[in-house]
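The file work.txt contains compact mmCIF, C-alpha atoms and all ligand atoms:
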```
# COMPACT_ATOMS: atom_id res chain seq x y z
CA MET R 1 0.00 0.00 0.00
CA GLU R 2 1.27 3.50 -0.79
CA ARG R 3 2.04 5.65 2.18
CA SER R 4 2.45 9.36 2.91
CA ILE R 5 5.81 11.16 3.09
CA TYR R 6 4.56 12.62 6.40
CA GLU R 7 5.08 9.19 7.92
CA PHE R 8 8.81 9.81 7.52
CA PRO R 9 9.47 13.15 9.29
CA ALA R 10 13.26 13.25 8.72
CA ILE R 11 12.89 12.51 5.00
CA PHE R 12 10.01 14.92 4.36
CA ARG R 13 12.16 17.86 5.53
CA ARG R 14 14.78 17.11 2.89
CA VAL R 15 12.18 16.45 0.21
CA HIS R 16 10.63 19.86 0.98
CA LYS R 17 14.06 21.43 0.42
CA GLU R 18 14.32 22.81 3.90
CA ARG R 19 17.61 24.69 4.24
CA PRO R 20 19.89 24.31 7.28
CA GLY R 21 18.98 26.88 9.95
CA GLU R 22 15.69 27.75 8.24
CA ILE R 23 13.42 26.81 11.15
CA GLU R 24 15.60 28.75 13.62
CA ALA R 25 15.48 31.82 11.34
CA GLU R 26 11.68 31.55 11.11
CA ALA R 27 11.30 31.23 14.88
CA TRP R 28 13.53 34.29 15.36
CA PHE R 29 11.48 36.30 12.84
CA LEU R 30 8.18 35.22 14.41
CA LYS R 31 9.36 36.60 17.75
CA LYS R 32 10.23 39.89 16.07
CA VAL R 33 6.76 40.01 14.51
CA TRP R 34 5.13 39.42 17.91
CA ARG R 35 7.13 42.27 19.44
CA ARG R 36 6.16 44.55 16.57
CA HIS R 37 2.45 43.68 16.53
CA LEU R 38 1.62 42.96 20.16
CA ASP R 39 2.15 45.14 23.22
CA ARG R 40 2.26 42.24 25.68
CA PRO R 41 4.55 39.20 25.98
CA VAL R 42 3.69 35.93 24.26
CA SER R 43 3.56 33.06 26.71
CA ARG R 44 1.16 30.66 24.91
CA VAL R 45 1.35 29.73 21.23
CA LEU R 46 -0.93 27.64 19.02
CA ASP R 47 0.97 25.83 16.22
CA ILE R 48 -1.32 24.84 13.31
CA ALA R 49 -0.38 21.84 11.11
CA CYS R 50 2.50 21.56 13.53
CA GLY R 51 3.92 18.23 12.34
CA ASN R 52 6.58 17.50 14.96
CA SER R 53 6.41 21.24 15.85
CA PRO R 54 10.04 22.26 15.24
CA HIS R 55 9.11 25.91 15.85
CA GLY R 56 7.16 24.97 18.97
CA GLN R 57 10.16 23.04 20.31
CA ILE R 58 12.31 26.18 19.99
CA PHE R 59 9.68 28.31 21.73
CA ALA R 60 9.21 25.71 24.49
CA ARG R 61 12.96 25.82 25.19
CA ASP R 62 12.50 29.58 25.70
CA GLY R 63 9.79 28.98 28.30
CA ILE R 64 6.75 29.45 26.04
CA GLU R 65 3.83 27.02 26.32
CA VAL R 66 2.85 25.47 22.99
CA ALA R 67 -0.10 23.43 21.75
CA GLY R 68 0.13 21.95 18.26
CA ILE R 69 -2.51 20.37 16.05
CA ASP R 70 -1.91 18.01 13.13
CA ARG R 71 -3.73 15.09 11.51
CA SER R 72 -0.66 12.87 11.21
CA ALA R 73 -0.19 10.41 14.07
CA THR R 74 3.40 9.77 12.93
CA MET R 75 4.39 13.44 12.94
CA ILE R 76 2.80 13.90 16.36
CA ALA R 77 4.60 10.84 17.72
CA ALA R 78 7.91 12.27 16.42
CA GLY R 79 7.12 15.61 18.08
CA ARG R 80 6.31 13.94 21.41
CA ARG R 81 9.51 11.91 21.24
CA GLU R 82 11.69 14.92 20.37
CA SER R 83 10.14 17.18 23.01
CA ARG R 84 10.21 14.64 25.85
CA GLY R 85 11.59 16.42 28.89
CA LEU R 86 10.70 19.90 27.60
CA GLY R 87 7.30 19.60 29.26
CA ARG R 88 5.73 22.64 27.63
CA ILE R 89 4.36 21.20 24.36
CA ARG R 90 1.09 19.38 23.94
CA PHE R 91 0.04 17.75 20.67
CA TYR R 92 -3.52 17.16 19.50
CA ARG R 93 -4.61 15.09 16.53
CA ARG R 94 -7.05 17.37 14.74
CA PRO R 95 -7.97 18.44 11.19
CA ILE R 96 -7.02 22.04 10.47
CA GLU R 97 -10.33 22.76 8.74
CA LYS R 98 -12.45 22.67 11.90
CA PHE R 99 -11.35 21.92 15.42
CA ALA R 100 -11.68 22.74 19.10
CA LEU R 101 -9.20 22.19 21.94
CA PRO R 102 -9.56 21.88 25.72
CA GLU R 103 -7.21 24.84 26.20
CA ARG R 104 -7.25 28.40 27.52
CA ARG R 105 -6.87 31.15 24.92
CA PHE R 106 -3.48 31.65 23.29
CA ASP R 107 -1.42 34.85 22.81
CA ALA R 108 -0.42 34.00 19.22
CA ALA R 109 -0.90 31.38 16.51
CA ILE R 110 1.42 30.24 13.71
CA PHE R 111 0.89 28.24 10.53
CA MET R 112 4.32 27.55 8.99
CA SER R 113 5.82 25.56 6.10
CA GLU R 114 3.54 26.87 3.37
CA THR R 115 0.66 24.52 4.22
CA PHE R 116 -2.24 26.99 4.59
CA PRO R 117 -3.09 26.83 0.82
CA VAL R 118 -3.99 23.11 1.09
CA MET R 119 -7.38 24.35 2.24
CA THR R 120 -9.02 24.90 -1.12
CA ARG R 121 -12.72 25.33 -0.25
CA ASN R 122 -14.16 28.62 0.98
CA ALA R 123 -16.13 26.80 3.68
CA ASP R 124 -12.96 25.12 5.04
CA ILE R 125 -11.01 28.39 5.14
CA LEU R 126 -13.81 30.17 6.98
CA SER R 127 -14.34 27.37 9.51
CA HIS R 128 -10.55 27.21 9.98
CA PHE R 129 -10.43 30.92 10.86
CA LYS R 130 -13.38 30.49 13.21
CA SER R 131 -11.67 27.55 14.96
CA VAL R 132 -8.38 29.44 15.38
CA GLY R 133 -10.12 32.69 16.30
CA ARG R 134 -12.06 31.05 19.15
CA LEU R 135 -8.76 29.96 20.69
CA LEU R 136 -7.01 33.35 20.52
CA ARG R 137 -7.10 36.38 22.76
CA ARG R 138 -8.33 39.62 21.22
CA GLY R 139 -5.46 41.37 19.41
CA ALA R 140 -3.43 38.16 19.09
CA PRO R 141 -1.33 37.81 15.92
CA TYR R 142 -1.84 34.81 13.64
CA CYS R 143 1.19 34.38 11.32
CA ILE R 144 0.70 32.38 8.13
CA ASP R 145 3.66 31.40 5.95
CA VAL R 146 2.90 31.08 2.20
CA ASP R 147 5.04 30.37 -0.88
CA ARG R 148 5.21 32.99 -3.59
CA GLN R 149 2.91 31.68 -6.35
CA ASP R 150 3.60 32.94 -9.85
CA GLY R 151 0.21 32.49 -11.50
CA PRO R 152 -1.74 29.23 -11.78
CA ARG R 153 0.19 26.25 -13.10
CA VAL R 154 -2.20 24.96 -15.76
CA ALA R 155 -1.80 21.28 -16.67
CA ARG R 156 -4.14 19.58 -19.13
CA SER R 157 -2.95 16.12 -18.14
CA ARG R 158 -0.70 14.64 -15.45
CA GLN R 159 2.79 15.90 -16.25
CA MET R 160 6.22 15.32 -14.78
CA TRP R 161 7.30 18.59 -13.17
CA ARG R 162 10.68 17.74 -11.64
CA ARG R 163 12.72 14.84 -10.31
CA ARG R 164 15.76 14.42 -8.14
CA THR R 165 17.51 11.85 -5.97
CA LEU R 166 18.60 12.45 -2.37
CA ALA R 167 20.52 10.55 0.26
CA VAL R 168 18.95 10.93 3.70
CA GLY R 169 20.84 9.02 6.38
CA ASP R 170 21.16 5.49 5.01
CA ALA R 171 18.14 5.86 2.71
CA ILE R 172 18.18 6.81 -0.97
CA VAL R 173 15.09 8.78 -1.98
CA GLU R 174 13.99 9.24 -5.58
CA VAL R 175 11.59 12.17 -5.68
CA ARG R 176 9.27 12.71 -8.62
CA ALA R 177 6.82 15.59 -8.67
CA PHE R 178 3.92 15.78 -11.09
CA SER R 179 1.49 18.54 -11.97
CA ARG R 180 -2.10 17.36 -12.19
CA PRO R 181 -4.95 18.98 -14.10
CA THR R 182 -6.97 21.43 -12.04
CA PRO R 183 -10.63 22.35 -12.53
CA TRP R 184 -10.58 25.89 -13.98
CA ASP R 185 -13.22 27.19 -11.60
CA SER R 186 -11.81 25.92 -8.31
CA GLY R 187 -9.42 28.67 -7.21
CA VAL R 188 -6.73 25.99 -7.13
CA HIS R 189 -3.30 27.21 -8.26
CA SER R 190 -1.95 23.69 -8.85
CA ILE R 191 -2.30 20.12 -7.73
CA PHE R 192 1.05 18.76 -6.72
CA GLU R 193 1.57 15.00 -6.75
CA LEU R 194 4.63 14.00 -4.80
CA GLU R 195 5.97 10.49 -5.30
CA CYS R 196 8.94 9.25 -3.29
CA ASN R 197 10.64 5.95 -3.80
CA ILE R 198 12.52 5.37 -0.56
CA ARG R 199 15.15 2.64 -0.49
CA PHE R 200 16.15 1.80 3.08
CA PRO R 201 18.97 -0.78 3.46
CA ASP R 202 16.43 -3.51 4.30
CA ARG R 203 13.22 -2.47 2.48
CA ALA R 204 11.68 -0.16 -0.09
CA VAL R 205 8.67 2.13 0.44
CA VAL R 206 6.69 4.21 -2.03
CA THR R 207 4.91 7.30 -0.77
CA ARG R 208 2.40 9.34 -2.72
CA ASP R 209 0.80 12.59 -1.61
CA LEU R 210 -1.68 14.67 -3.59
CA ILE R 211 -1.45 18.27 -2.48
CA PRO R 212 -3.95 20.73 -3.93
CA ILE R 213 -2.74 24.31 -3.53
CA ARG R 214 -5.17 27.22 -3.49
CA TYR R 215 -4.05 30.42 -5.16
CA THR R 216 -3.14 32.47 -2.07
CA LEU R 217 -1.97 36.08 -2.23
CA PRO R 218 -1.91 38.84 0.39
CA CYS R 219 -5.13 40.27 -1.12
CA THR R 220 -6.98 36.92 -1.05
CA LEU R 221 -5.82 36.25 2.51
CA GLU R 222 -7.03 39.71 3.52
CA MET R 223 -10.48 39.03 2.05
CA ALA R 224 -10.80 35.56 3.62
CA ALA R 225 -9.72 36.84 7.04
CA LYS R 226 -12.26 39.63 6.89
CA ALA R 227 -15.02 37.31 5.69
CA SER R 228 -14.49 35.09 8.73
CA GLY R 229 -15.31 38.01 11.04
CA MET R 230 -12.45 36.82 13.27
CA PHE R 231 -9.34 38.41 11.76
CA GLU R 232 -7.93 41.32 9.79
CA LEU R 233 -4.71 41.32 7.77
CA VAL R 234 -2.29 43.81 9.33
CA ALA R 235 0.92 43.05 7.39
CA ALA R 236 2.53 40.87 4.73
CA TYR R 237 6.30 40.44 5.03
CA ALA R 238 8.53 39.07 2.27
CA ASP R 239 11.33 36.56 2.88
CA LEU R 240 11.55 37.03 6.67
CA SER R 241 12.23 40.77 6.35
CA PHE R 242 10.47 43.94 7.49
CA PHE R 243 12.20 45.87 4.71
CA THR R 244 11.86 43.86 1.47
CA PRO R 245 8.86 45.25 -0.44
CA ILE R 246 6.23 42.56 -0.94
CA GLY R 247 6.48 43.06 -4.72
CA GLU R 248 10.10 41.91 -4.51
CA CYS R 249 9.29 38.74 -2.60
CA ASP R 250 11.60 36.00 -3.81
CA ARG R 251 10.52 32.78 -2.06
CA ARG R 252 7.73 33.15 0.46
CA TRP R 253 5.78 35.66 2.49
CA LEU R 254 4.29 35.84 5.96
CA GLY R 255 0.75 37.11 6.35
CA VAL R 256 0.12 38.61 9.80
CA LEU R 257 -3.52 38.56 10.87
CA ARG R 258 -4.86 40.13 14.03
CA ARG R 259 -7.71 38.63 16.06
CA VAL R 260 -10.38 41.34 16.06
C1 LIG H 1 4.93 20.62 5.56
S1 LIG H 1 4.41 19.90 7.10
C2 LIG H 1 4.76 21.22 8.21
C3 LIG H 1 4.98 20.80 9.64
C4 LIG H 1 5.49 21.91 10.57
N1 LIG H 1 4.60 23.04 10.66
C5 LIG H 1 6.87 22.38 10.16
O1 LIG H 1 7.06 23.57 9.94
O2 LIG H 1 7.75 21.54 10.06
C6 LIG H 1 2.68 19.99 6.91
C7 LIG H 1 1.89 19.33 8.01
O3 LIG H 1 0.52 19.62 7.75
C8 LIG H 1 -0.25 18.51 8.18
N2 LIG H 1 -1.56 18.60 7.50
C9 LIG H 1 -1.79 18.72 6.15
N3 LIG H 1 -3.10 18.81 5.91
C10 LIG H 1 -3.72 18.75 7.14
C11 LIG H 1 -5.09 18.80 7.54
N4 LIG H 1 -6.07 18.91 6.65
N5 LIG H 1 -5.37 18.73 8.86
C12 LIG H 1 -4.36 18.59 9.78
N6 LIG H 1 -3.04 18.54 9.44
C13 LIG H 1 -2.73 18.62 8.14
C14 LIG H 1 0.59 17.32 7.76
O4 LIG H 1 0.24 16.16 8.50
C15 LIG H 1 2.00 17.82 8.06
O5 LIG H 1 2.44 17.42 9.32
```
Represent the structure contained in this file as structure tokens.
Amino acid sequence: MERSIYEFPAIFRRVHKERPGEIEAEAWFLKKVWRRHLDRPVSRVLDIACGNSPHGQIFARDGIEVAGIDRSATMIAAGRRESRGLGRIRFYRRPIEKFALPERRFDAAIFMSETFPVMTRNADILSHFKSVGRLLRRGAPYCIDVDRQDGPRVARSRQMWRRRTLAVGDAIVEVRAFSRPTPWDSGVHSIFELECNIRFPDRAVVTRDLIPIRYTLPCTLEMAAKASGMFELVAAYADLSFFTPIGECDRRWLGVLRRV
């Protein structure tokens, strides 16, 4: 049976082309954003689609309490293992589209690693904002990390987009990415099919993930936040900088919403 790359946390990071030190740089920038947009300290953070919560683990080491939600039992298990002894992170298995938690309100929320655009339906985006909004204090910042998207990637049939081979520990990973056709009227920027052939020394595993990506820009995020009645967009920062104009964004941008 084909599996998901999210069952292999160490490999997924390399497949997603995470650069060394990237998570630390993001955590540092998030703290700067909180200082800029909030006039009180952040002591409780909600991490959405947290995976093993690498950002949350950094914050927990700094004394911040973190609760993360994710649907992947494997990613959550990795997070619990890695944060054993830290004591300040709790993981919940929840869908991002609609959820509730037995928690007091948080001072800030984060949604990192360019995953927000996997919510492609208006109803899911609105119920997501309502779920997050109910868990945040008034004025709390909600930071959402999104890839720069250069216009919809139109594919009329399934097409090979790129391929590469990686060595991760003692595994060899052949990565093949395909573009899939998208319905023209869906608001979907692209459908990304990620196939990984992982050869461990003693076994081989094939993973396949279908990742629909909604066209997400600062202006569409602003509209969706407003429509939810829970948030307003207060800033969009390019490439972890307060100074790079958004029009010159090279890789990704961070939308900062405020709980109204
Ligand atoms: C690219 S990983 C990012 C993990 C983490 N935030 C980080 O920065 O390393 C995306 C995560 O989103 C989770 N995810 C994707 N769709 C989801 C959904 N509909 N509900 C809950 N979690 C979801 C996956 O399980 C995965 O752990």
Which region 72-185 of chain R residues have any atom within 10 Å of an atom of region 4-7 of chain R, and for each, what is the nearest pair of atoms with distance in Å to one decimal, counting all atoms listed in the file, rows sorted by chain and number, as CSV?
```
residue,atom,partner,partner_atom,distance
R:Ser72,CA,R:Tyr6,CA,7.1
R:Ala73,CA,R:Glu7,CA,8.2
R:Thr74,CA,R:Glu7,CA,5.3
R:Met75,CA,R:Tyr6,CA,6.6
R:Ile76,CA,R:Glu7,CA,9.9
R:Ala77,CA,R:Glu7,CA,9.9
R:Ala78,CA,R:Glu7,CA,9.5
```
Grab me every residue within 7 Å of ligand LIG 1 (chain H), counting all atoms listed in the file, and send it over as an MDAnalysis selection string.
chainID R and resid 6 48:55 69:72 75 94:97 111:115 118
Hey, can you check how far CA of Arg153 (chain R) sits from CA of Pro183 (chain R)?
11.5 Å
As a ChimeraX atom specification, please: the residues near region 14-16 of chain R (cut-off 10 Å, all atoms listed in the file, same-chain neighbours under 4 positions excluded).
/R:5,9-10,20,113,164-168,173-175,194,196
Residues within 12 Å of Cys219 (chain R), please, as a list in words. Count only C-alpha atoms; anything in the same chain fewer than 3 positions from it doesn't count.
Tyr215, Thr216, Glu222, Met223, Ala224, Ala225, Lys226, Glu232, Leu233, Val234, Ala235, Ala236, Ile246 and Gly255 of chain R
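Atom pair CA of Ala108 (chain R) / CA of Met230 (chain R) has a distance of 13.7 Å (rounded to one decimal).
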Using all atoms listed in the file, which of R:Asp202, R:Asp185, R:Asp147, R:Asp107 sits nearest Asp170 (chain R)?
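Comparing R:Asp202, R:Asp185, R:Asp147, R:Asp107 against Asp170 (chain R), the winner is R:Asp202.
One distance worth recording is that between CA of Arg214 (chain R) and CA of Ser190 (chain R), which is 7.2 Å.
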Edge lengths and centre, in Å to one decimal, as lines of an AutoDock Vina configuration file: that's what I need for the box along x, y and z that holds all listed atoms of region 142-146 of chain R plus 4 Å on each side.
```
center_x = 0.9
center_y = 32.9
center_z = 7.9
size_x = 13.5
size_y = 11.7
size_z = 19.4
```
Between R:Ile58, R:Gly169, R:Val146, R:Val45, which one has atoms that come closest to Ala25 (chain R), using only C-alpha atoms?
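Closest candidate: R:Ile58.
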Which residue, R:Pro102, R:Gly68, R:Pro181, R:Gly21, has the smallest gap to Arg134 (chain R) when you use all atoms listed in the file?
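Checking each candidate against Arg134 (chain R), we get R:Pro102 as the closest.
Closest to His37 (chain R) among R:Arg13, R:Arg199, R:Arg258, R:Arg93 is R:Arg258, based on only C-alpha atoms.
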Between R:Val206, R:Ile64, R:Val42, R:Leu101, single out the one closest to Phe8 (chain R), counting all atoms listed in the file.
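That would be R:Val206, the residue with the smallest distance to Phe8 (chain R).
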Extract region 146-164 of chain R from the coordinates I pasted, and write it as a PDB file, in the first residue's frame (atoms kept: N, CA and C atoms).
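Output below, filename result.pdb:
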```
ATOM      1  N   VAL R 146       3.400  31.536   3.516  1.00  0.00           N
ATOM      2  CA  VAL R 146       2.899  31.079   2.205  1.00  0.00           C
ATOM      3  C   VAL R 146       4.004  31.230   1.162  1.00  0.00           C
ATOM      4  N   ASP R 147       4.098  30.276   0.249  1.00  0.00           N
ATOM      5  CA  ASP R 147       5.044  30.369  -0.880  1.00  0.00           C
ATOM      6  C   ASP R 147       4.603  31.449  -1.850  1.00  0.00           C
ATOM      7  N   ARG R 148       5.569  32.108  -2.490  1.00  0.00           N
ATOM      8  CA  ARG R 148       5.207  32.994  -3.594  1.00  0.00           C
ATOM      9  C   ARG R 148       4.658  32.117  -4.727  1.00  0.00           C
ATOM     10  N   GLN R 149       3.508  32.473  -5.261  1.00  0.00           N
ATOM     11  CA  GLN R 149       2.912  31.676  -6.353  1.00  0.00           C
ATOM     12  C   GLN R 149       2.848  32.553  -7.596  1.00  0.00           C
ATOM     13  N   ASP R 150       3.554  32.130  -8.630  1.00  0.00           N
ATOM     14  CA  ASP R 150       3.597  32.939  -9.848  1.00  0.00           C
ATOM     15  C   ASP R 150       2.528  32.514 -10.844  1.00  0.00           C
ATOM     16  N   GLY R 151       1.288  32.819 -10.561  1.00  0.00           N
ATOM     17  CA  GLY R 151       0.214  32.488 -11.502  1.00  0.00           C
ATOM     18  C   GLY R 151      -0.105  31.013 -11.487  1.00  0.00           C
ATOM     19  N   PRO R 152      -1.340  30.641 -11.810  1.00  0.00           N
ATOM     20  CA  PRO R 152      -1.737  29.232 -11.776  1.00  0.00           C
ATOM     21  C   PRO R 152      -0.880  28.391 -12.717  1.00  0.00           C
ATOM     22  N   ARG R 153      -0.575  27.163 -12.253  1.00  0.00           N
ATOM     23  CA  ARG R 153       0.189  26.250 -13.100  1.00  0.00           C
ATOM     24  C   ARG R 153      -0.839  25.355 -13.801  1.00  0.00           C
ATOM     25  N   VAL R 154      -1.126  25.672 -15.058  1.00  0.00           N
ATOM     26  CA  VAL R 154      -2.198  24.956 -15.755  1.00  0.00           C
ATOM     27  C   VAL R 154      -1.630  23.686 -16.392  1.00  0.00           C
ATOM     28  N   ALA R 155      -2.208  22.540 -16.044  1.00  0.00           N
ATOM     29  CA  ALA R 155      -1.802  21.285 -16.672  1.00  0.00           C
ATOM     30  C   ALA R 155      -3.053  20.643 -17.257  1.00  0.00           C
ATOM     31  N   ARG R 156      -2.959  20.202 -18.518  1.00  0.00           N
ATOM     32  CA  ARG R 156      -4.137  19.578 -19.133  1.00  0.00           C
ATOM     33  C   ARG R 156      -4.177  18.079 -18.852  1.00  0.00           C
ATOM     34  N   SER R 157      -3.004  17.527 -18.525  1.00  0.00           N
ATOM     35  CA  SER R 157      -2.953  16.118 -18.139  1.00  0.00           C
ATOM     36  C   SER R 157      -1.841  15.986 -17.101  1.00  0.00           C
ATOM     37  N   ARG R 158      -1.762  14.839 -16.456  1.00  0.00           N
ATOM     38  CA  ARG R 158      -0.704  14.638 -15.446  1.00  0.00           C
ATOM     39  C   ARG R 158       0.658  14.755 -16.123  1.00  0.00           C
ATOM     40  N   GLN R 159       1.498  15.645 -15.592  1.00  0.00           N
ATOM     41  CA  GLN R 159       2.788  15.904 -16.250  1.00  0.00           C
ATOM     42  C   GLN R 159       3.911  15.863 -15.247  1.00  0.00           C
ATOM     43  N   MET R 160       5.031  15.291 -15.644  1.00  0.00           N
ATOM     44  CA  MET R 160       6.218  15.322 -14.775  1.00  0.00           C
ATOM     45  C   MET R 160       6.660  16.764 -14.632  1.00  0.00           C
ATOM     46  N   TRP R 161       6.887  17.203 -13.395  1.00  0.00           N
ATOM     47  CA  TRP R 161       7.300  18.585 -13.173  1.00  0.00           C
ATOM     48  C   TRP R 161       8.796  18.638 -12.857  1.00  0.00           C
ATOM     49  N   ARG R 162       9.245  17.808 -11.899  1.00  0.00           N
ATOM     50  CA  ARG R 162      10.681  17.742 -11.640  1.00  0.00           C
ATOM     51  C   ARG R 162      11.008  16.437 -10.917  1.00  0.00           C
ATOM     52  N   ARG R 163      12.283  16.054 -10.990  1.00  0.00           N
ATOM     53  CA  ARG R 163      12.715  14.839 -10.306  1.00  0.00           C
ATOM     54  C   ARG R 163      14.119  15.036  -9.771  1.00  0.00           C
ATOM     55  N   ARG R 164      14.404  14.375  -8.672  1.00  0.00           N
ATOM     56  CA  ARG R 164      15.761  14.416  -8.141  1.00  0.00           C
ATOM     57  C   ARG R 164      15.948  13.230  -7.203  1.00  0.00           C
TER      58      ARG R 164
END
```
